[in-house]
file data_36.cif (mmCIF, C-alpha atoms)
data_model
#
loop_
_atom_site.group_PDB
_atom_site.id
_atom_site.type_symbol
_atom_site.label_atom_id
_atom_site.label_comp_id
_atom_site.auth_asym_id
_atom_site.auth_seq_id
_atom_site.Cartn_x
_atom_site.Cartn_y
_atom_site.Cartn_z
ATOM 1 C CA ALA A 1 163.510 38.432 12.433
ATOM 2 C CA ALA A 2 167.287 38.103 12.044
ATOM 3 C CA ALA A 3 167.680 37.001 15.675
ATOM 4 C CA SER A 4 164.896 34.472 15.247
ATOM 5 C CA ALA A 5 166.538 33.107 12.112
ATOM 6 C CA ARG A 6 169.897 32.726 13.911
ATOM 7 C CA ARG A 7 168.226 30.972 16.833
ATOM 8 C CA SER A 8 166.415 28.632 14.451
ATOM 9 C CA PHE A 9 169.683 27.866 12.632
ATOM 10 C CA TRP A 10 171.570 27.034 15.835
ATOM 11 C CA LEU A 11 168.692 24.981 17.210
ATOM 12 C CA LYS A 12 168.644 22.908 14.041
ATOM 13 C CA GLN A 13 172.447 22.443 14.059
ATOM 14 C CA LEU A 14 172.587 21.571 17.735
ATOM 15 C CA HIS A 15 169.702 19.104 17.511
ATOM 16 C CA THR A 16 171.377 17.432 14.533
ATOM 17 C CA TRP A 17 174.750 17.051 16.255
ATOM 18 C CA HIS A 18 173.065 16.071 19.508
ATOM 19 C CA TRP A 19 171.082 13.163 18.063
ATOM 20 C CA ILE A 20 173.965 11.966 15.852
ATOM 21 C CA SER A 21 176.403 11.916 18.790
ATOM 22 C CA ALA A 22 173.708 10.266 20.935
ATOM 23 C CA ALA A 23 173.190 7.529 18.356
ATOM 24 C CA LEU A 24 176.941 6.925 18.019
ATOM 25 C CA SER A 25 177.560 6.772 21.765
ATOM 26 C CA LEU A 26 174.301 5.094 22.871
ATOM 27 C CA VAL A 27 175.503 1.481 23.153
ATOM 28 C CA GLY A 28 178.941 2.474 24.434
ATOM 29 C CA MET A 29 177.456 4.810 27.047
ATOM 30 C CA LEU A 30 175.112 2.073 28.242
ATOM 31 C CA LEU A 31 178.017 -0.401 28.445
ATOM 32 C CA PHE A 32 180.261 2.023 30.321
ATOM 33 C CA ALA A 33 177.456 3.024 32.721
ATOM 34 C CA ILE A 34 176.650 -0.602 33.587
ATOM 35 C CA THR A 35 180.312 -1.549 33.987
ATOM 36 C CA GLY A 36 180.808 1.560 36.118
ATOM 37 C CA ILE A 37 178.372 -0.047 38.580
ATOM 38 C CA THR A 38 179.981 -3.499 38.343
ATOM 39 C CA LEU A 39 183.456 -2.017 38.846
ATOM 40 C CA ASN A 40 182.238 -0.038 41.847
ATOM 41 C CA HIS A 41 180.939 -3.271 43.379
ATOM 42 C CA ALA A 42 183.639 -5.603 42.071
ATOM 43 C CA GLY A 43 184.368 -6.949 45.537
ATOM 44 C CA SER A 44 180.741 -8.014 45.977
ATOM 45 C CA ILE A 45 180.405 -9.807 42.641
ATOM 46 C CA PRO A 46 181.703 -13.392 42.844
ATOM 47 C CA ALA A 47 183.879 -14.690 40.046
ATOM 48 C CA THR A 48 185.204 -18.213 39.759
ATOM 49 C CA PRO A 49 188.314 -18.443 37.570
ATOM 50 C CA VAL A 50 188.251 -21.236 35.008
ATOM 51 C CA VAL A 51 191.698 -22.568 34.139
ATOM 52 C CA THR A 52 192.369 -24.707 31.091
ATOM 53 C CA GLU A 53 195.738 -26.206 30.232
ATOM 54 C CA THR A 54 196.744 -27.578 26.858
ATOM 55 C CA THR A 55 199.946 -29.391 25.994
ATOM 56 C CA ALA A 56 201.476 -30.040 22.602
ATOM 57 C CA GLU A 57 204.809 -30.841 21.020
ATOM 58 C CA MET A 58 206.446 -28.825 18.298
ATOM 59 C CA PRO A 59 207.810 -30.952 15.423
ATOM 60 C CA ALA A 60 211.521 -31.707 15.621
ATOM 61 C CA PRO A 61 212.455 -29.794 12.407
ATOM 62 C CA LEU A 62 210.925 -26.619 13.870
ATOM 63 C CA VAL A 63 212.622 -27.189 17.217
ATOM 64 C CA ALA A 64 215.942 -27.409 15.369
ATOM 65 C CA ARG A 65 215.276 -24.033 13.755
ATOM 66 C CA LEU A 66 215.052 -22.460 17.224
ATOM 67 C CA ALA A 67 218.841 -22.682 17.368
ATOM 68 C CA ASP A 68 218.906 -19.534 15.234
ATOM 69 C CA PHE A 69 216.727 -17.647 17.750
ATOM 70 C CA PRO A 70 218.718 -15.686 20.382
ATOM 71 C CA GLU A 71 219.272 -17.442 23.696
ATOM 72 C CA GLU A 72 218.266 -14.387 25.708
ATOM 73 C CA THR A 73 215.883 -11.824 24.250
ATOM 74 C CA THR A 74 212.499 -10.196 24.531
ATOM 75 C CA ASP A 75 211.957 -10.197 20.756
ATOM 76 C CA PRO A 76 208.691 -11.682 19.471
ATOM 77 C CA ALA A 77 208.683 -15.373 18.594
ATOM 78 C CA PRO A 78 209.997 -16.299 15.129
ATOM 79 C CA GLU A 79 207.443 -16.446 12.339
ATOM 80 C CA PHE A 80 207.502 -20.240 11.973
ATOM 81 C CA MET A 81 206.692 -20.597 15.688
ATOM 82 C CA VAL A 82 203.848 -18.077 15.358
ATOM 83 C CA ARG A 83 202.341 -20.062 12.466
ATOM 84 C CA TRP A 84 202.690 -23.371 14.297
ATOM 85 C CA ALA A 85 201.073 -22.040 17.505
ATOM 86 C CA LYS A 86 198.168 -20.651 15.491
ATOM 87 C CA ASP A 87 197.600 -23.948 13.678
ATOM 88 C CA ALA A 88 198.212 -26.303 16.596
ATOM 89 C CA LEU A 89 196.759 -24.366 19.532
ATOM 90 C CA ASP A 90 194.813 -21.475 17.980
ATOM 91 C CA VAL A 91 197.085 -19.109 19.902
ATOM 92 C CA ASP A 92 198.172 -15.793 18.414
ATOM 93 C CA LEU A 93 201.826 -15.029 19.257
ATOM 94 C CA ALA A 94 202.324 -12.395 16.560
ATOM 95 C CA LYS A 95 204.234 -9.347 17.785
ATOM 96 C CA LYS A 96 204.003 -10.507 21.423
ATOM 97 C CA PRO A 97 207.240 -9.971 23.387
ATOM 98 C CA THR A 98 208.868 -13.093 24.787
ATOM 99 C CA GLU A 99 210.927 -13.866 27.861
ATOM 100 C CA THR A 100 213.513 -16.062 26.217
ATOM 101 C CA THR A 101 216.240 -17.983 28.011
ATOM 102 C CA PRO A 102 218.555 -20.753 26.758
ATOM 103 C CA GLU A 103 216.053 -23.276 28.192
ATOM 104 C CA GLU A 104 212.635 -21.950 27.166
ATOM 105 C CA ILE A 105 210.582 -19.340 25.362
ATOM 106 C CA TYR A 106 207.833 -17.841 27.506
ATOM 107 C CA VAL A 107 205.080 -15.630 26.079
ATOM 108 C CA ALA A 108 202.611 -13.742 28.280
ATOM 109 C CA LEU A 109 199.185 -13.467 26.656
ATOM 110 C CA PRO A 110 197.028 -11.172 28.811
ATOM 111 C CA MET A 111 193.427 -10.643 27.702
ATOM 112 C CA PRO A 112 190.265 -8.887 28.881
ATOM 113 C CA GLY A 113 188.605 -10.847 31.662
ATOM 114 C CA GLY A 114 191.434 -13.290 32.085
ATOM 115 C CA ASP A 115 195.019 -14.204 31.426
ATOM 116 C CA ALA A 116 197.066 -16.722 29.468
ATOM 117 C CA TRP A 117 200.638 -17.769 28.832
ATOM 118 C CA MET A 118 202.598 -20.250 26.762
ATOM 119 C CA THR A 119 205.987 -21.851 27.296
ATOM 120 C CA LEU A 120 208.110 -23.806 24.859
ATOM 121 C CA ASP A 121 210.961 -26.050 25.977
ATOM 122 C CA ARG A 122 213.749 -25.297 23.510
ATOM 123 C CA ALA A 123 215.345 -28.722 23.925
ATOM 124 C CA THR A 124 212.320 -31.026 23.680
ATOM 125 C CA GLY A 125 209.735 -28.860 21.879
ATOM 126 C CA GLU A 126 207.209 -29.473 24.667
ATOM 127 C CA VAL A 127 204.625 -26.707 24.824
ATOM 128 C CA VAL A 128 202.291 -25.782 27.655
ATOM 129 C CA TYR A 129 199.483 -23.277 27.099
ATOM 130 C CA GLU A 130 197.393 -22.144 30.064
ATOM 131 C CA LYS A 131 194.340 -19.897 29.867
ATOM 132 C CA THR A 132 192.374 -18.408 32.769
ATOM 133 C CA THR A 133 188.952 -16.770 32.324
ATOM 134 C CA ARG A 134 186.963 -14.975 35.009
ATOM 135 C CA GLY A 135 183.559 -14.616 33.376
ATOM 136 C CA ALA A 136 181.567 -12.109 31.350
ATOM 137 C CA ILE A 137 181.472 -9.386 34.013
ATOM 138 C CA ALA A 138 185.261 -9.416 34.394
ATOM 139 C CA TYR A 139 185.545 -9.286 30.599
ATOM 140 C CA LEU A 140 183.257 -6.234 30.361
ATOM 141 C CA ASN A 141 185.010 -4.550 33.303
ATOM 142 C CA ASP A 142 188.344 -4.888 31.532
ATOM 143 C CA LEU A 143 186.840 -3.433 28.350
ATOM 144 C CA HIS A 144 185.705 -0.464 30.450
ATOM 145 C CA LYS A 145 189.298 0.043 31.617
ATOM 146 C CA GLY A 146 190.814 -0.712 28.214
ATOM 147 C CA ARG A 147 192.896 -3.438 29.877
ATOM 148 C CA ASN A 148 194.668 -5.772 27.455
ATOM 149 C CA SER A 149 192.038 -5.044 24.795
ATOM 150 C CA GLY A 150 194.212 -4.146 21.822
ATOM 151 C CA THR A 151 194.770 -1.204 19.512
ATOM 152 C CA VAL A 152 191.337 -1.171 17.842
ATOM 153 C CA TRP A 153 189.522 -0.980 21.193
ATOM 154 C CA PHE A 154 191.983 1.715 22.310
ATOM 155 C CA TRP A 155 190.922 3.891 19.378
ATOM 156 C CA PHE A 156 187.257 3.006 19.862
ATOM 157 C CA ILE A 157 187.409 4.415 23.393
ATOM 158 C CA ASP A 158 188.873 7.675 22.057
ATOM 159 C CA VAL A 159 186.217 8.001 19.337
ATOM 160 C CA PHE A 160 183.469 7.099 21.810
ATOM 161 C CA ALA A 161 184.783 9.702 24.282
ATOM 162 C CA VAL A 162 184.730 12.398 21.576
ATOM 163 C CA ALA A 163 181.118 11.461 20.704
ATOM 164 C CA CYS A 164 180.195 11.745 24.394
ATOM 165 C CA VAL A 165 181.847 15.178 24.636
ATOM 166 C CA ILE A 166 179.897 16.376 21.575
ATOM 167 C CA PHE A 167 176.677 14.911 23.020
ATOM 168 C CA THR A 168 177.274 16.677 26.347
ATOM 169 C CA LEU A 169 178.280 20.054 24.930
ATOM 170 C CA THR A 170 175.421 20.180 22.424
ATOM 171 C CA GLY A 171 173.073 19.228 25.275
ATOM 172 C CA LEU A 172 174.465 22.096 27.334
ATOM 173 C CA ALA A 173 173.991 24.493 24.408
ATOM 174 C CA LEU A 174 170.377 23.320 24.006
ATOM 175 C CA VAL A 175 169.794 23.901 27.719
ATOM 176 C CA TRP A 176 171.143 27.432 27.287
ATOM 177 C CA LEU A 177 168.850 28.113 24.319
ATOM 178 C CA HIS A 178 165.770 26.739 26.118
ATOM 179 C CA ALA A 179 166.591 28.004 29.626
ATOM 180 C CA ARG A 180 164.402 31.107 29.313
ATOM 181 C CA SER A 181 161.286 29.007 28.952
ATOM 182 C CA ARG A 182 162.444 26.328 31.413
ATOM 183 C CA PRO A 183 163.373 28.066 34.708
ATOM 184 C CA SER A 184 164.598 24.865 36.378
ATOM 185 C CA SER A 185 167.312 24.284 33.739
ATOM 186 C CA TRP A 186 170.243 26.113 35.329
ATOM 187 C CA PRO A 187 169.448 25.072 38.932
ATOM 188 C CA LEU A 188 169.519 21.449 37.770
ATOM 189 C CA VAL A 189 172.800 21.968 35.894
ATOM 190 C CA GLY A 190 174.237 23.646 38.984
ATOM 191 C CA LEU A 191 173.059 20.772 41.153
ATOM 192 C CA GLY A 192 174.773 18.313 38.827
ATOM 193 C CA LEU A 193 178.021 20.226 39.389
ATOM 194 C CA LEU A 194 177.523 20.837 43.110
ATOM 195 C CA ILE A 195 176.836 17.240 44.165
ATOM 196 C CA PRO A 196 180.189 15.715 43.056
ATOM 197 C CA VAL A 197 182.119 18.778 44.272
ATOM 198 C CA VAL A 198 180.579 18.556 47.755
ATOM 199 C CA ILE A 199 181.166 14.789 47.917
ATOM 200 C CA ALA A 200 184.808 15.264 46.851
ATOM 201 C CA LEU A 201 185.423 18.006 49.416
ATOM 202 C CA LEU A 202 183.657 16.376 52.368
ATOM 203 C CA PHE A 203 183.940 12.632 51.901
ATOM 204 C CA ILE A 204 187.071 11.929 49.814
ATOM 205 C CA HIS A 205 190.326 12.141 51.729
#
call {"tool": "encode", "arguments": {"input": "data_36.cif", "output": "C-alpha cells"}}
result
Amino acid sequence: AAASARRSFWLKQLHTWHWISAALSLVGMLLFAITGITLNHAGSIPATPVVTETTAEMPAPLVARLADFPEETTDPAPEFMVRWAKDALDVDLAKKPTETTPEEIYVALPMPGGDAWMTLDRATGEVVYEKTTRGAIAYLNDLHKGRNSGTVWFWFIDVFAVACVIFTLTGLALVWLHARSRPSSWPLVGLGLLIPVVIALLFIH
C-alpha cells in the first residue's frame, strides 16, 4: 500500500509538471522545430532582399550641438540625436554603439531577418537611413538563432530551454514508471539515442 501511494504521488507530480512545461513550451517548440527545417534547407529557400533608403536633414541647432560630441568614439549617440532620429525617422539609436569620425556618425542597426544602418554628416546634418529585409522566413530563422533579437528574446530562449528540459525529463520519468506495462518503451528510448550517435560516428567528419 505504501509503495502504491508513493507511485501515485510521483505519477501525479510528474503529470502535473509534464503538462505545465508542455503548455509553456508548446508554441516555442513548434516554432523552433519548423525553423530547424528552414535553417537546414536555407540554401534552397529563395529570399529577395528588399532595400529601402530614407534621407533627412537634422536641424541646424542640433547639428551645432554635435560639436560637443567626441570626434572619434564608439560611444552611443547623444540623447538629443536619439530623440530626433526617433521622431524624424522612427529609428531607435538608444544605447547603440557608433563609429564616429570627425566627418560622420555611423550607427549599425542589425535586426532579425535583415540589417540597417544610419549615417549623419556632422558638417551638413544630412542623414541617410538604409534598411534591408529578407522576408518572414529569414526573420524566424534569426529568432531561432537569437541573432540580433535583443535582451528580452535572449532571456525567453533560456526560459523556453528550461521548460523543454523539464518537459523532457518528466517525460523520461513517466516512461520509467510505465515501462513495466509498455515493453517497447526502453527500446524506443534507446533507438532515439542510437540513431543520432550512429549518424555522428559514420556520416559526420
call {"tool": "closest_atom_pairs", "arguments": {"input": "data_36.cif", "of": "segment 13-128 of chain A", "to": "segment 150-165 of chain A", "cutoff": "8 Å", "atoms": "all atoms listed in the file", "output": "tab-separated table"}}
result
residue	atom	partner	partner_atom	distance
A:Ser21	CA	A:Ala163	CA	5.1
A:Ala22	CA	A:Cys164	CA	7.5
A:Leu24	CA	A:Ala163	CA	6.7
A:Ser25	CA	A:Phe160	CA	5.9
A:Gly28	CA	A:Phe160	CA	7.0
A:Met29	CA	A:Cys164	CA	7.9
call {"tool": "write_last_selection", "arguments": {"input": "data_36.cif", "atoms": "C-alpha atoms", "output": "compact mmCIF listing (two decimals), keeping the file's coordinate frame"}}
result
# COMPACT_ATOMS: atom_id res chain seq x y z
CA SER A 21 176.40 11.92 18.79
CA ALA A 22 173.71 10.27 20.94
CA LEU A 24 176.94 6.92 18.02
CA SER A 25 177.56 6.77 21.76
CA GLY A 28 178.94 2.47 24.43
CA MET A 29 177.46 4.81 27.05
call {"tool": "atom_distance", "arguments": {"input": "data_36.cif", "atom1": "atom CA of Ala5 of chain A", "atom2": "atom CA of Ala173 of chain A"}}
result
16.8 Å
call {"tool": "residues_around", "arguments": {"input": "data_36.cif", "residues": "Met81 of chain A", "least_positions_apart": "3", "cutoff": "10 Å", "atoms": "all atoms listed in the file", "output": "list of chain:residue names"}}
result
A:Met58, A:Leu62, A:Val63, A:Arg65, A:Leu66, A:Pro76, A:Ala77, A:Pro78, A:Trp84, A:Ala85, A:Lys86, A:Asp87, A:Leu93, A:Ala94, A:Leu120
call {"tool": "atom_distance", "arguments": {"input": "data_36.cif", "atom1": "atom CA of Gly113 of chain A", "atom2": "atom CA of Gly135 of chain A"}}
result
6.5 Å
call {"tool": "residues_around", "arguments": {"input": "data_36.cif", "residues": "Thr133 of chain A", "least_positions_apart": "2", "cutoff": "8 Å", "atoms": "all atoms listed in the file", "output": "number ranges by chain"}}
result
A: 49-51, 113-115, 131, 135
call {"tool": "atom_distance", "arguments": {"input": "data_36.cif", "atom1": "atom CA of Leu26 of chain A", "atom2": "atom CA of Leu174 of chain A"}}
result
18.7 Å
call {"tool": "resolve_selection", "arguments": {"input": "data_36.cif", "expression": "the PyMOL selection byres ((chain A and resi 128) around 6)", "output": "PDB file with C-alpha atoms, keeping the file's coordinate frame"}}
result
ATOM      1  CA  THR A  54     196.744 -27.578  26.858  1.00  0.00           C
ATOM      2  CA  THR A  55     199.946 -29.391  25.994  1.00  0.00           C
ATOM      3  CA  MET A 118     202.598 -20.250  26.762  1.00  0.00           C
ATOM      4  CA  THR A 119     205.987 -21.851  27.296  1.00  0.00           C
ATOM      5  CA  VAL A 127     204.625 -26.707  24.824  1.00  0.00           C
ATOM      6  CA  TYR A 129     199.483 -23.277  27.099  1.00  0.00           C
TER       7      TYR A 129
END
call {"tool": "residues_around", "arguments": {"input": "data_36.cif", "residues": "segment 184-194 of chain A", "least_positions_apart": "3", "cutoff": "12 Å", "atoms": "all atoms listed in the file", "output": "number ranges by chain"}}
result
A: 168, 171-181, 197-202
call {"tool": "closest_residue", "arguments": {"input": "data_36.cif", "among": "A:Arg7, A:Lys12, A:Arg122, A:Lys145", "to": "Phe69 of chain A", "atoms": "all atoms listed in the file"}}
result
A:Arg122
call {"tool": "closest_residue", "arguments": {"input": "data_36.cif", "among": "A:Ile37, A:Arg83, A:Trp117, A:Pro61", "to": "Pro97 of chain A", "atoms": "all atoms listed in the file"}}
result
A:Trp117
call {"tool": "resolve_selection", "arguments": {"input": "data_36.cif", "expression": "the PyMOL selection byres ((chain A and resi 141) around 8)", "output": "PyMOL selection string"}}
result
chain A and resi 35-36+38-39+113+137-140+142-145
call {"tool": "closest_residue", "arguments": {"input": "data_36.cif", "among": "A:Leu169, A:Ala123, A:Ala136, A:Ala3", "to": "Pro46 of chain A", "atoms": "only C-alpha atoms"}}
result
A:Ala136
call {"tool": "closest_residue", "arguments": {"input": "data_36.cif", "among": "A:Val27, A:Ile204, A:Ile34, A:Ile105", "to": "Thr74 of chain A", "atoms": "all atoms listed in the file"}}
result
A:Ile105
call {"tool": "decode", "arguments": {"input": "data_36.cif", "residues": "segment 56-117 of chain A", "atoms": "C-alpha atoms", "output": "tab-separated table (two decimals), in the first residue's frame"}}
result
chain	number	residue	atom	x	y	z
A	56	ALA	CA	16.52	63.53	-43.86
A	57	GLU	CA	18.28	66.60	-42.53
A	58	MET	CA	18.90	67.32	-38.89
A	59	PRO	CA	18.03	70.90	-37.87
A	60	ALA	CA	20.97	73.28	-37.74
A	61	PRO	CA	20.75	73.94	-33.95
A	62	LEU	CA	21.11	70.20	-33.29
A	63	VAL	CA	23.96	69.90	-35.78
A	64	ALA	CA	25.75	72.68	-33.88
A	65	ARG	CA	25.40	70.70	-30.65
A	66	LEU	CA	27.34	67.83	-32.24
A	67	ALA	CA	30.48	69.90	-31.71
A	68	ASP	CA	30.41	68.72	-28.10
A	69	PHE	CA	30.37	65.05	-29.18
A	70	PRO	CA	33.85	63.45	-29.45
A	71	GLU	CA	35.40	63.42	-32.91
A	72	GLU	CA	36.42	59.77	-32.63
A	73	THR	CA	34.49	57.40	-30.39
A	74	THR	CA	32.30	54.34	-30.24
A	75	ASP	CA	30.03	55.85	-27.57
A	76	PRO	CA	26.28	55.80	-28.25
A	77	ALA	CA	24.78	58.82	-29.98
A	78	PRO	CA	23.93	61.81	-27.76
A	79	GLU	CA	20.43	61.90	-26.32
A	80	PHE	CA	19.21	64.79	-28.48
A	81	MET	CA	20.22	62.86	-31.62
A	82	VAL	CA	18.44	59.74	-30.33
A	83	ARG	CA	15.23	61.73	-29.79
A	84	TRP	CA	15.44	63.38	-33.20
A	85	ALA	CA	16.04	60.07	-35.03
A	86	LYS	CA	13.06	58.52	-33.25
A	87	ASP	CA	10.77	61.42	-34.16
A	88	ALA	CA	12.00	62.02	-37.70
A	89	LEU	CA	12.78	58.50	-38.91
A	90	ASP	CA	11.25	56.17	-36.30
A	91	VAL	CA	14.74	54.78	-35.73
A	92	ASP	CA	15.88	53.70	-32.27
A	93	LEU	CA	19.53	54.68	-31.65
A	94	ALA	CA	19.40	54.35	-27.87
A	95	LYS	CA	22.45	52.61	-26.41
A	96	LYS	CA	23.68	51.59	-29.89
A	97	PRO	CA	27.46	51.97	-30.33
A	98	THR	CA	28.58	54.37	-33.04
A	99	GLU	CA	31.54	54.54	-35.38
A	100	THR	CA	32.25	58.23	-35.06
A	101	THR	CA	34.82	60.17	-37.06
A	102	PRO	CA	35.33	63.93	-37.45
A	103	GLU	CA	33.22	63.73	-40.64
A	104	GLU	CA	30.28	61.49	-39.73
A	105	ILE	CA	28.47	59.42	-37.14
A	106	TYR	CA	27.66	55.90	-38.31
A	107	VAL	CA	25.34	53.57	-36.40
A	108	ALA	CA	24.90	49.90	-37.31
A	109	LEU	CA	21.37	48.68	-36.64
A	110	PRO	CA	21.29	44.90	-37.19
A	111	MET	CA	17.93	43.17	-36.76
A	112	PRO	CA	16.39	39.71	-37.15
A	113	GLY	CA	15.79	38.91	-40.80
A	114	GLY	CA	17.63	41.92	-42.11
A	115	ASP	CA	20.01	44.76	-41.48
A	116	ALA	CA	20.03	48.54	-41.24
A	117	TRP	CA	22.37	51.46	-40.72
